[in-house]
Structure formats: C-alpha cells, structure tokens
2 protein chains.
Amino acid sequence: MTTVRFDGPACPTPLVDTERVQLGHGSGGKLSARLLKDRFLPHLGNPFLAQLSDGAVVPLGGAEAVLSTDTFVVSPLEFPGGDIGMLAVHGTVNDVAMMGARPCYLTAGFVLEEGLPLDLLERIVRSMAAAAQSVGVPLVAGDTKVVERGKADGLYINTTGLGLLDPAFRPGPARARPGDVILVSGEIGRHGMAIMAAREGLAFESAITSDTASLVPLVERLKAAAGDGIRVLRDPTRGGLASALNEIAQASKVGMRLVEDRIPIPVEVGAACEILGLDPMYVANEGVLTAIVAPDQAAAALEALRGHPIGAGARQIGVVTTDHPGYVVLETRIGGTRVVDLLPGDQLPRIC
Amino acid sequence: MTTVRFDGPACPTPLVDTERVQLGHGSGGKLSARLLKDRFLPHLGNPFLAQLSDGAVVPLGGAEAVLSTDTFVVSPLEFPGGDIGMLAVHGTVNDVAMMGARPCYLTAGFVLEEGLPLDLLERIVRSMAAAAQSVGVPLVAGDTKVVERGKADGLYINTTGLGLLDPAFRPGPARARPGDVILVSGEIGRHGMAIMAAREGLAFESAITSDTASLVPLVERLKAAAGDGIRVLRDPTRGGLASALNEIAQASKVGMRLVEDRIPIPVEVGAACEILGLDPMYVANEGVLTAIVAPDQAAAALEALRGHPIGAGARQIGVVTTDHPGYVVLETRIGGTRVVDLLPGDQLPRIC
C-alpha cells in the first residue's frame, strides 16, 4: 500500500483576500486555525486559552471548572430535526462534556435583528428551554441586544457553559496513544446535510434530519464503563469527523488509520454528498462523539455507547498509530490509502 | 412641592409593531423589560434567572460563583476613548463586580462579518487583550463565527464572566432600605455621548470620550471600607442612571429622592444632550457605578471611592425613602419634583 498525500482541497480553492475576513475563516479548517494563530493568540495567549480545546479548565474555589463558549449563527433558524435554540444548548453542553466535565449552568446572549417575528423568537426560546430542561442544565443568565434590519440574520445566540471537573476523569486532545482505538457513537453527516437541504430547498427521497442531541448521557456511560481508559472525547461539529481527528492527531503527535468501510454514513447523507460534491467526513455533526480509548477498555466503551439510543450505532472506525504522526490516513474500499487532511476553507458556511 | 408623574416619554413614542422585534426592545427600558417578561421568562424561568440581576449567583463545588453574560454590538467599533474589544472586557467584568464577586475568568465569542479588515480585527483583539491583562482577568476560551456580508455590522462580541463570591459581601438589587444614601462614583453620560458624537459626526468644542473602565478597584475599595454596609452596586450602562435606579427601587420596594443639582454631568455632555434633545440621566455609562450604602457607612464609602482616580468625582446624589415605593423622584433646580421613570423605548440604540 502506498500513501499519497494531498495538500490541496478537493474543490477549487477560492481566491484568497489576505486582508479581510472571509467565510472560510469560520469553517473550522485551516483558515480558521490560521486566523486564531495569527490574529488572536499572539495577543490573548495564556495557559488556559493555549489549551485550544473545546473549553478551558480553570481552578475555582478549590474545584476545577470548565468554561466553554460558542456562538450559533446557523441558517435557517429552524431546520428538520431542530432549531438554533436547541442547537445552542446542545452545542455548548456537549463541548463541556467533551472535556470530561459535568455541565452545570448555561448563559445565553441573543443578538436580535429588528423585524424578527416575536412568535418565531418565542418558539426558539421555548425550544431552548425544553432542551436545557431535558439536559438538566439551567440557563441562569442572559442578555438581549437588538440591531437594525440588515445587521444580523434573524438572530444569533451565544451560549457559554460552566461545568465541574472530576479530577479522576480527564480526557484531553493530547492524550491519544499508539494502539488506542477510535470509536464513533453513530452515523455521521446528518446535521450538516439537513441544514444544506433546508437551505438549498433540496428534496431527497427520505428527509435528512439533524442529529442535534445532548451527548452527556454517552459521556456518563463511557466514564462509568471505561473511566480513565477514555483518553480523548470530541464532538465532530464544524469541520466534521476529519477535522476533529486531525486536531487530535496533531495535539497527541500520533498518526491515525481509519477504515473507510467502517465509517457509518447514512445512505441518504452519502447520496446527498455525492450530488453536491461534498465529503461526509467534513460535514458537521451535532449529536455524535468520537472517543479515543485504551485498547483494553475498547470493548467496554463500545458496549456502554451501544446501550443508549443515540449511541446504538457506535463502532470502531480505526486505530491510533506511531506512523505518520499528525496525519489521519484512510484505508479505502479499493485497498489504497489516502490522507484525510484539514480542509483549507469551508464546505458549508453557517452550519452551527 | 407637588409631584407630577409623567407616564409618557419626552419624545414622541414610535408606532409600535407588537408582532416584531424593534430597536427599542434592546434599549434596557420598558420594551426590553416586557420582551423579557413576555417572551423569555415564561419558558426559561428558574430561581437563578429570576434573580434578574447583572449576573447569576450559582453554587459550584462548595463555592458560590457568579456568571454574567453580555453581547456587545456597539457602533462604531472604535470611538473616542475606546473600542468594542475594551468595552466587552470592562462591561462583563463590571457586571460580575457589581454582584460583589471577584471576576476570575472571561470567555469571548466573536461574530465576524465577511469583509471585515483583518487589521481592524487584530487592533480590537489587541485592545481586548490589554484590557483583560490590565484588569487581571484572563480570557480563557473563545469562539469565532463568520457570517456573510450584510449579515452583521463588522463584528459583535459576546463576553461571559465567571467570578467568585465572598459570602460576607453580598450586595443585591433588593437590599436598599429607607435611609440609605445613593452615591455615584463620577460624572455620568460620557460613554453614550461619545458614541453618539462619533456616530453622527458631531464635533463639540471639547471632544467627549467614553468613560469605559474596570470598576473592580472601586468595588474592592468599597468592600474594604464599608463591607456589608454596601447594600446595592450597579453600573448604569444601557438605559443610564435613571434606569438603574428605577430597577433598584422596584426590586427593593423603596422610593428614591435625588437632588438634580448633585448629579454630576460634564458641561460638554450636558450641552450635547441639550442639542440632541436627550436626557443625560438615560445616557449609558461604562465606567461609573452607583452604590446604595447604609447611612453610617456612607462617609467611609465616599472616601474610599474618592481615593481612586476613577472615583475622584464621587458624590452623594440622593437618599432612599419610604415614600412612593418603586419610584425615583428628582428635586429639580427650580424647587419642583418630577418622577424619573423608565423610558419606554430607546434613546440611543447600539450603545454597548
């Protein structure tokens, strides 16, 4: 088998204006990483931010807390399987959970566009409240700003989550070790394709619905079943599974080998991606996690995931290797291998 | 003396579209309060959110923490005396400090508009970093989203602050008691008028600069000098001093009597307000606090404020009364009194 490395993107790279913000800066890919590295970190650098994880671990009054923040700008505001309110709860709760922490509280900051129908706003607030209640994480503080017509797109929501860490359970992006197994909790690509279909008015034979869900129950089960054997947890949102695994491979300085046939892609997501020229490995998920697990705990972890409805389709998709540190390689169906790189820019803007 | 109560606004009320979000919903006045009461609280109600304060007090791992969130949409992004980055740090740090807590950490969520010059972004990030460093509160987690041209206005920043509460120091909006004195730490109206002048291209003889500043040193001094004698702390931002005092009067079920001559208004702010038909009592401040203090601690509190440069102009402006609970009354220069009510809508949109 030979490994061919592609540095370029699958689709044509847009001409790059290096002086101004582009949509690709929000993609979670290479442009996002460069923006952070070039324009933010030189000024804001501190040991907490340098963790560059889904959130920051901070000491607080004798305990260790986790803080995570995320702004949601998804378009459309309502989509098959969810809406921006529900997504804003799940997204941040999941980021806190991926740090191994128990999410305790959420705050919400709204930017409302003048002219937004109040009934739509109320529907989204109600959905947010229902999601928060169902996850058991109260929304404790909020803020609302209004901007003129044409200065937003209906509404944007920032949620910030505060969680409490158990010192005995500390998954982290730099903890993957060669020999570990790579699990996913379910089928990938549903959120991104649901948004895309809603936005572009695409009708597929069977409607694709977002997978938006709280991953807290899965993390609790993994912790109980495999404890410290859970080395890394990540929810592959913006940038998809490919970007999440690349970031882990780089942070842990290990390679990864995935088996294409093992990656669970729903038939309708695969078909829609084919039509649109997208790669499901880069499509956002909002109710899937990937776990890097010590080999002796892998079976227990897999069983724990499968015991919960949203983890029923969990499976092993690959292993962590000593080869090609920092790179994720896919064994293709036809027996070759290819590097699964970070995308330079965006496949799908405003997906979350 | 007779008390005349004005229910209506000084300027013509805009025709109200009750079905859609209006700019006035973001004013911090009556429309904001109604939006919260009608569309948010019925769904999101919980004991933390019901505190309706600058932030929420939440138990965390044996300690009491404070969470506060605020989104900044100020226009223009840079203005005399500051910029949105600095404001986003000061604003949230101040909200945490007004709860009596020591601000410990900040998160930042950016919404960037496609086409925003990267140099402008970097300038704002640098300013934010400098403000955070100067206040001693690190920015520990961040998020960046990009939206298409015409879906934002340059950039918006949400900051969320986490602080630690000292159980012995618990100022709160419902703690004002008749006989307490009302202090302000300095001249009012500068931030709002600086924004207004920058936005409208108004040139006054002496430029008005924003007062944006961290109020943490003032709170520390007040705590040391007057401890639990500090009943209420509030930074009168959106909606100005009038709105802040009204909220306290309502929460504490007390009246307030202010002396117009005692309210410190810079000459140039007064003149600009006169020209524009604005009332400085409703103009936003970003580096001023009002403190309601037990009478026997008032002198110590005033001295403590005056010992710090940004509190040098501190003074007593009124007292808390048993009369007319829920209302703030101003003794005017000509010997009459008038009710200082909440504004129905906005004087100045997008001020913070």
# chains A, B, ... in the order shown; residues from 1 in each chain; ligands from 1
>>> residues_around(residues="Arg262 in chain A", least_positions_apart="3", cutoff="8 Å", atoms="only C-alpha atoms", output="list in words")
Leu258, Val259, Arg315, Gln316, Ile317 and Gly318 of chain A
>>> select_by_dssp(residues="range 83-179 of chain A", states="strand (DSSP E or B)", output="JSON, numbers by chain")
{"A": [83, 102, 103, 104, 105, 106, 107, 108, 109, 110, 111, 112, 113, 117, 139, 140, 141, 142, 143, 144, 145, 146, 147, 155, 156, 157, 158, 159, 160, 161, 162, 163, 164]}
>>> write_last_selection(atoms="N, CA and C atoms", output="mmCIF file, in the first residue's frame")
data_model
loop_
_atom_site.group_PDB
_atom_site.id
_atom_site.type_symbol
_atom_site.label_atom_id
_atom_site.label_comp_id
_atom_site.auth_asym_id
_atom_site.auth_seq_id
_atom_site.Cartn_x
_atom_site.Cartn_y
_atom_site.Cartn_z
ATOM 1 N N ASP A 83 -33.663 23.424 15.789
ATOM 2 C CA ASP A 83 -33.621 24.861 15.551
ATOM 3 C C ASP A 83 -32.419 25.433 16.298
ATOM 4 N N ARG A 102 -18.958 17.691 34.063
ATOM 5 C CA ARG A 102 -20.418 17.644 34.151
ATOM 6 C C ARG A 102 -20.942 19.057 33.935
ATOM 7 N N PRO A 103 -21.714 19.296 32.859
ATOM 8 C CA PRO A 103 -22.241 20.644 32.625
ATOM 9 C C PRO A 103 -23.222 21.023 33.735
ATOM 10 N N CYS A 104 -23.039 22.219 34.299
ATOM 11 C CA CYS A 104 -23.883 22.657 35.424
ATOM 12 C C CYS A 104 -24.785 23.833 35.061
ATOM 13 N N TYR A 105 -24.261 24.815 34.333
ATOM 14 C CA TYR A 105 -25.014 26.033 34.059
ATOM 15 C C TYR A 105 -24.718 26.535 32.656
ATOM 16 N N LEU A 106 -25.707 27.246 32.111
ATOM 17 C CA LEU A 106 -25.541 27.895 30.810
ATOM 18 C C LEU A 106 -25.924 29.364 30.920
ATOM 19 N N THR A 107 -25.267 30.206 30.128
ATOM 20 C CA THR A 107 -25.744 31.571 29.920
ATOM 21 C C THR A 107 -26.098 31.705 28.436
ATOM 22 N N ALA A 108 -26.935 32.682 28.120
ATOM 23 C CA ALA A 108 -27.337 32.886 26.725
ATOM 24 C C ALA A 108 -27.312 34.366 26.383
ATOM 25 N N GLY A 109 -26.661 34.708 25.285
ATOM 26 C CA GLY A 109 -26.630 36.086 24.788
ATOM 27 C C GLY A 109 -27.244 36.124 23.399
ATOM 28 N N PHE A 110 -28.297 36.913 23.249
ATOM 29 C CA PHE A 110 -29.024 36.987 21.981
ATOM 30 C C PHE A 110 -28.682 38.274 21.236
ATOM 31 N N VAL A 111 -28.472 38.174 19.932
ATOM 32 C CA VAL A 111 -28.483 39.340 19.056
ATOM 33 C C VAL A 111 -29.709 39.190 18.170
ATOM 34 N N LEU A 112 -30.641 40.115 18.301
ATOM 35 C CA LEU A 112 -31.891 40.051 17.539
ATOM 36 C C LEU A 112 -31.867 41.103 16.437
ATOM 37 N N GLU A 113 -32.346 40.716 15.259
ATOM 38 C CA GLU A 113 -32.464 41.671 14.164
ATOM 39 C C GLU A 113 -33.839 42.328 14.234
ATOM 40 N N PRO A 117 -39.889 38.234 13.698
ATOM 41 C CA PRO A 117 -41.220 37.973 14.281
ATOM 42 C C PRO A 117 -41.075 37.472 15.728
ATOM 43 N N LEU A 139 -30.463 27.529 32.334
ATOM 44 C CA LEU A 139 -29.986 28.792 31.769
ATOM 45 C C LEU A 139 -30.088 29.849 32.859
ATOM 46 N N VAL A 140 -28.961 30.290 33.408
ATOM 47 C CA VAL A 140 -29.010 31.110 34.620
ATOM 48 C C VAL A 140 -28.872 32.607 34.377
ATOM 49 N N ALA A 141 -28.330 33.003 33.233
ATOM 50 C CA ALA A 141 -28.161 34.435 32.972
ATOM 51 C C ALA A 141 -28.282 34.665 31.481
ATOM 52 N N GLY A 142 -28.794 35.831 31.115
ATOM 53 C CA GLY A 142 -28.987 36.101 29.705
ATOM 54 C C GLY A 142 -28.809 37.561 29.381
ATOM 55 N N ASP A 143 -28.760 37.841 28.092
ATOM 56 C CA ASP A 143 -28.614 39.211 27.617
ATOM 57 C C ASP A 143 -29.234 39.278 26.231
ATOM 58 N N THR A 144 -29.871 40.391 25.933
ATOM 59 C CA THR A 144 -30.502 40.574 24.626
ATOM 60 C C THR A 144 -30.088 41.906 24.039
ATOM 61 N N LYS A 145 -29.593 41.890 22.822
ATOM 62 C CA LYS A 145 -29.293 43.122 22.093
ATOM 63 C C LYS A 145 -30.098 43.110 20.806
ATOM 64 N N VAL A 146 -30.437 44.295 20.331
ATOM 65 C CA VAL A 146 -31.173 44.417 19.074
ATOM 66 C C VAL A 146 -30.336 45.261 18.113
ATOM 67 N N VAL A 147 -30.221 44.804 16.879
ATOM 68 C CA VAL A 147 -29.528 45.583 15.845
ATOM 69 C C VAL A 147 -30.505 45.869 14.706
ATOM 70 N N LEU A 155 -31.595 36.012 14.134
ATOM 71 C CA LEU A 155 -30.966 36.088 15.456
ATOM 72 C C LEU A 155 -29.744 35.202 15.526
ATOM 73 N N TYR A 156 -28.847 35.603 16.401
ATOM 74 C CA TYR A 156 -27.666 34.816 16.745
ATOM 75 C C TYR A 156 -27.729 34.558 18.248
ATOM 76 N N ILE A 157 -27.228 33.427 18.664
ATOM 77 C CA ILE A 157 -27.234 33.095 20.092
ATOM 78 C C ILE A 157 -25.854 32.639 20.522
ATOM 79 N N ASN A 158 -25.304 33.301 21.519
ATOM 80 C CA ASN A 158 -24.109 32.780 22.183
ATOM 81 C C ASN A 158 -24.550 32.023 23.421
ATOM 82 N N THR A 159 -24.016 30.834 23.611
ATOM 83 C CA THR A 159 -24.186 30.159 24.896
ATOM 84 C C THR A 159 -22.811 29.881 25.488
ATOM 85 N N THR A 160 -22.716 30.062 26.778
ATOM 86 C CA THR A 160 -21.485 29.742 27.492
ATOM 87 C C THR A 160 -21.842 28.769 28.596
ATOM 88 N N GLY A 161 -21.034 27.728 28.720
ATOM 89 C CA GLY A 161 -21.335 26.674 29.679
ATOM 90 C C GLY A 161 -20.283 26.600 30.763
ATOM 91 N N LEU A 162 -20.760 26.305 31.971
ATOM 92 C CA LEU A 162 -19.866 26.120 33.109
ATOM 93 C C LEU A 162 -20.077 24.708 33.631
ATOM 94 N N GLY A 163 -19.000 23.972 33.765
ATOM 95 C CA GLY A 163 -19.099 22.606 34.254
ATOM 96 C C GLY A 163 -18.111 22.357 35.375
ATOM 97 N N LEU A 164 -18.259 21.209 35.997
ATOM 98 C CA LEU A 164 -17.396 20.846 37.118
ATOM 99 C C LEU A 164 -16.647 19.579 36.731
#
>>> atom_distance(atom1="CA of Lys223 in chain B", atom2="CA of Ala132 in chain B")
22.0 Å
>>> closest_atom_pairs(of="chain A", to="chain B", cutoff="6 Å", atoms="only C-alpha atoms", output="JSON lines")
{"residue": "A:Glu19", "atom": "CA", "partner": "B:Leu118", "partner_atom": "CA", "distance": 5.5}
{"residue": "A:Arg20", "atom": "CA", "partner": "B:Pro117", "partner_atom": "CA", "distance": 4.3}
{"residue": "A:Val21", "atom": "CA", "partner": "B:Gly115", "partner_atom": "CA", "distance": 4.9}
{"residue": "A:Gln22", "atom": "CA", "partner": "B:Glu114", "partner_atom": "CA", "distance": 4.9}
{"residue": "A:Leu23", "atom": "CA", "partner": "B:Val146", "partner_atom": "CA", "distance": 5.6}
{"residue": "A:Gly26", "atom": "CA", "partner": "B:Val146", "partner_atom": "CA", "distance": 4.7}
{"residue": "A:Arg39", "atom": "CA", "partner": "B:Glu122", "partner_atom": "CA", "distance": 5.4}
{"residue": "A:His43", "atom": "CA", "partner": "B:Arg126", "partner_atom": "CA", "distance": 5.5}
{"residue": "A:Leu44", "atom": "CA", "partner": "B:Ala129", "partner_atom": "CA", "distance": 5.2}
{"residue": "A:Phe48", "atom": "CA", "partner": "B:Val140", "partner_atom": "CA", "distance": 5.0}
{"residue": "A:Leu49", "atom": "CA", "partner": "B:Val140", "partner_atom": "CA", "distance": 4.6}
{"residue": "A:Gly55", "atom": "CA", "partner": "B:Ala141", "partner_atom": "CA", "distance": 5.9}
{"residue": "A:Ala56", "atom": "CA", "partner": "B:Ala141", "partner_atom": "CA", "distance": 5.8}
{"residue": "A:Gly61", "atom": "CA", "partner": "B:Ala63", "partner_atom": "CA", "distance": 5.9}
{"residue": "A:Ala63", "atom": "CA", "partner": "B:Gly61", "partner_atom": "CA", "distance": 5.9}
{"residue": "A:Asp70", "atom": "CA", "partner": "B:Asp143", "partner_atom": "CA", "distance": 5.5}
{"residue": "A:Thr71", "atom": "CA", "partner": "B:Gly109", "partner_atom": "CA", "distance": 5.9}
{"residue": "A:Gly109", "atom": "CA", "partner": "B:Thr71", "partner_atom": "CA", "distance": 5.9}
{"residue": "A:Glu114", "atom": "CA", "partner": "B:Gln22", "partner_atom": "CA", "distance": 4.9}
{"residue": "A:Gly115", "atom": "CA", "partner": "B:Val21", "partner_atom": "CA", "distance": 4.9}
{"residue": "A:Leu116", "atom": "CA", "partner": "B:Val21", "partner_atom": "CA", "distance": 5.1}
{"residue": "A:Pro117", "atom": "CA", "partner": "B:Arg20", "partner_atom": "CA", "distance": 4.3}
{"residue": "A:Leu118", "atom": "CA", "partner": "B:Arg20", "partner_atom": "CA", "distance": 4.9}
{"residue": "A:Glu122", "atom": "CA", "partner": "B:Arg39", "partner_atom": "CA", "distance": 5.4}
{"residue": "A:Arg126", "atom": "CA", "partner": "B:His43", "partner_atom": "CA", "distance": 5.5}
{"residue": "A:Ala129", "atom": "CA", "partner": "B:Leu44", "partner_atom": "CA", "distance": 5.2}
{"residue": "A:Val140", "atom": "CA", "partner": "B:Leu49", "partner_atom": "CA", "distance": 4.6}
{"residue": "A:Ala141", "atom": "CA", "partner": "B:Leu49", "partner_atom": "CA", "distance": 5.5}
{"residue": "A:Asp143", "atom": "CA", "partner": "B:Asp70", "partner_atom": "CA", "distance": 5.5}
{"residue": "A:Lys145", "atom": "CA", "partner": "B:Gly26", "partner_atom": "CA", "distance": 4.9}
{"residue": "A:Val146", "atom": "CA", "partner": "B:Gly26", "partner_atom": "CA", "distance": 4.7}
{"residue": "A:Lys151", "atom": "CA", "partner": "B:Ala152", "partner_atom": "CA", "distance": 4.3}
{"residue": "A:Ala152", "atom": "CA", "partner": "B:Lys151", "partner_atom": "CA", "distance": 4.3}
{"residue": "A:Asp153", "atom": "CA", "partner": "B:Lys151", "partner_atom": "CA", "distance": 5.4}
>>> residues_around(residues="Ala294 in chain B", least_positions_apart="2", cutoff="7 Å", atoms="only C-alpha atoms", output="list in words")
Asp180, Val181, Gly229, Ile230, Arg231, Asp296, Gln297 and Ala298 of chain B
>>> select_by_dssp(residues="range 21-249 of chain B", states="helix (DSSP H, G or I)", output="ChimeraX atom specification")
/B:23-26,30-44,49-51,84-98,118-135,190-200,216-229,240-249
>>> residues_around(residues="Met193 in chain B", least_positions_apart="3", cutoff="8 Å", atoms="only C-alpha atoms", output="JSON, numbers by chain")
{"B": [189, 190, 196, 197, 208, 210, 269, 272, 273, 283]}
>>> residues_around(residues="Lys30 in chain B", least_positions_apart="3", cutoff="7 Å", atoms="only C-alpha atoms", output="CSV table (one decimal) with N, CA and C atoms, in the first residue's frame")
chain,number,residue,atom,x,y,z
B,33,ALA,N,-37.9,45.2,29.1
B,33,ALA,CA,-38.4,44.5,30.3
B,33,ALA,C,-39.6,43.7,29.9
B,34,ARG,N,-40.4,44.2,29.0
B,34,ARG,CA,-41.6,43.5,28.5
B,34,ARG,C,-41.2,42.3,27.7
B,342,LEU,N,-38.7,54.8,33.9
B,342,LEU,CA,-38.1,54.0,32.9
B,342,LEU,C,-38.5,54.6,31.5
B,343,LEU,N,-37.6,54.7,30.6
B,343,LEU,CA,-38.0,55.0,29.2
B,343,LEU,C,-38.8,53.9,28.6
B,344,PRO,N,-39.8,54.2,27.8
B,344,PRO,CA,-40.5,53.1,27.1
B,344,PRO,C,-39.6,52.4,26.1
B,345,GLY,N,-38.9,53.2,25.3
B,345,GLY,CA,-38.1,52.6,24.2
B,345,GLY,C,-36.6,53.1,24.3
>>> residues_around(residues="Leu330 in chain B", least_positions_apart="4", cutoff="12 Å", atoms="only C-alpha atoms", output="number ranges by chain")
B: 1-5, 242, 245-246, 255-263, 281, 317-320, 334-341
>>> atom_distance(atom1="CA of His308 in chain B", atom2="CA of Arg221 in chain B")
8.4 Å
>>> residues_around(residues="Gly313 in chain B", least_positions_apart="3", cutoff="9 Å", atoms="only C-alpha atoms", output="ChimeraX atom specification")
/B:184-187,264,305-306,309-310
>>> write_last_selection(atoms="C-alpha atoms", output="PDB file, in the first residue's frame")
ATOM      1  CA  VAL B 184     -22.324  57.776  42.175  1.00  0.00           C
ATOM      2  CA  SER B 185     -18.636  57.281  41.532  1.00  0.00           C
ATOM      3  CA  GLY B 186     -18.248  60.011  38.905  1.00  0.00           C
ATOM      4  CA  GLU B 187     -19.700  62.069  36.104  1.00  0.00           C
ATOM      5  CA  PRO B 264     -22.539  65.228  38.159  1.00  0.00           C
ATOM      6  CA  LEU B 305     -14.308  55.950  46.127  1.00  0.00           C
ATOM      7  CA  ARG B 306     -12.593  59.321  46.081  1.00  0.00           C
ATOM      8  CA  PRO B 309      -8.650  58.181  40.186  1.00  0.00           C
ATOM      9  CA  ILE B 310     -11.849  56.963  38.507  1.00  0.00           C
TER      10      ILE B 310
END
>>> atom_distance(atom1="CA of Val328 in chain B", atom2="CA of Ala284 in chain B")
17.8 Å
>>> closest_residue(among="A:Met86, A:Val137, A:Ala174, A:Ala97", to="Asp211 in chain A", atoms="only C-alpha atoms")
A:Met86
>>> closest_residue(among="B:Ser206, B:Asn285, B:Thr92, B:Thr322", to="Lys253 in chain B", atoms="only C-alpha atoms")
B:Thr322
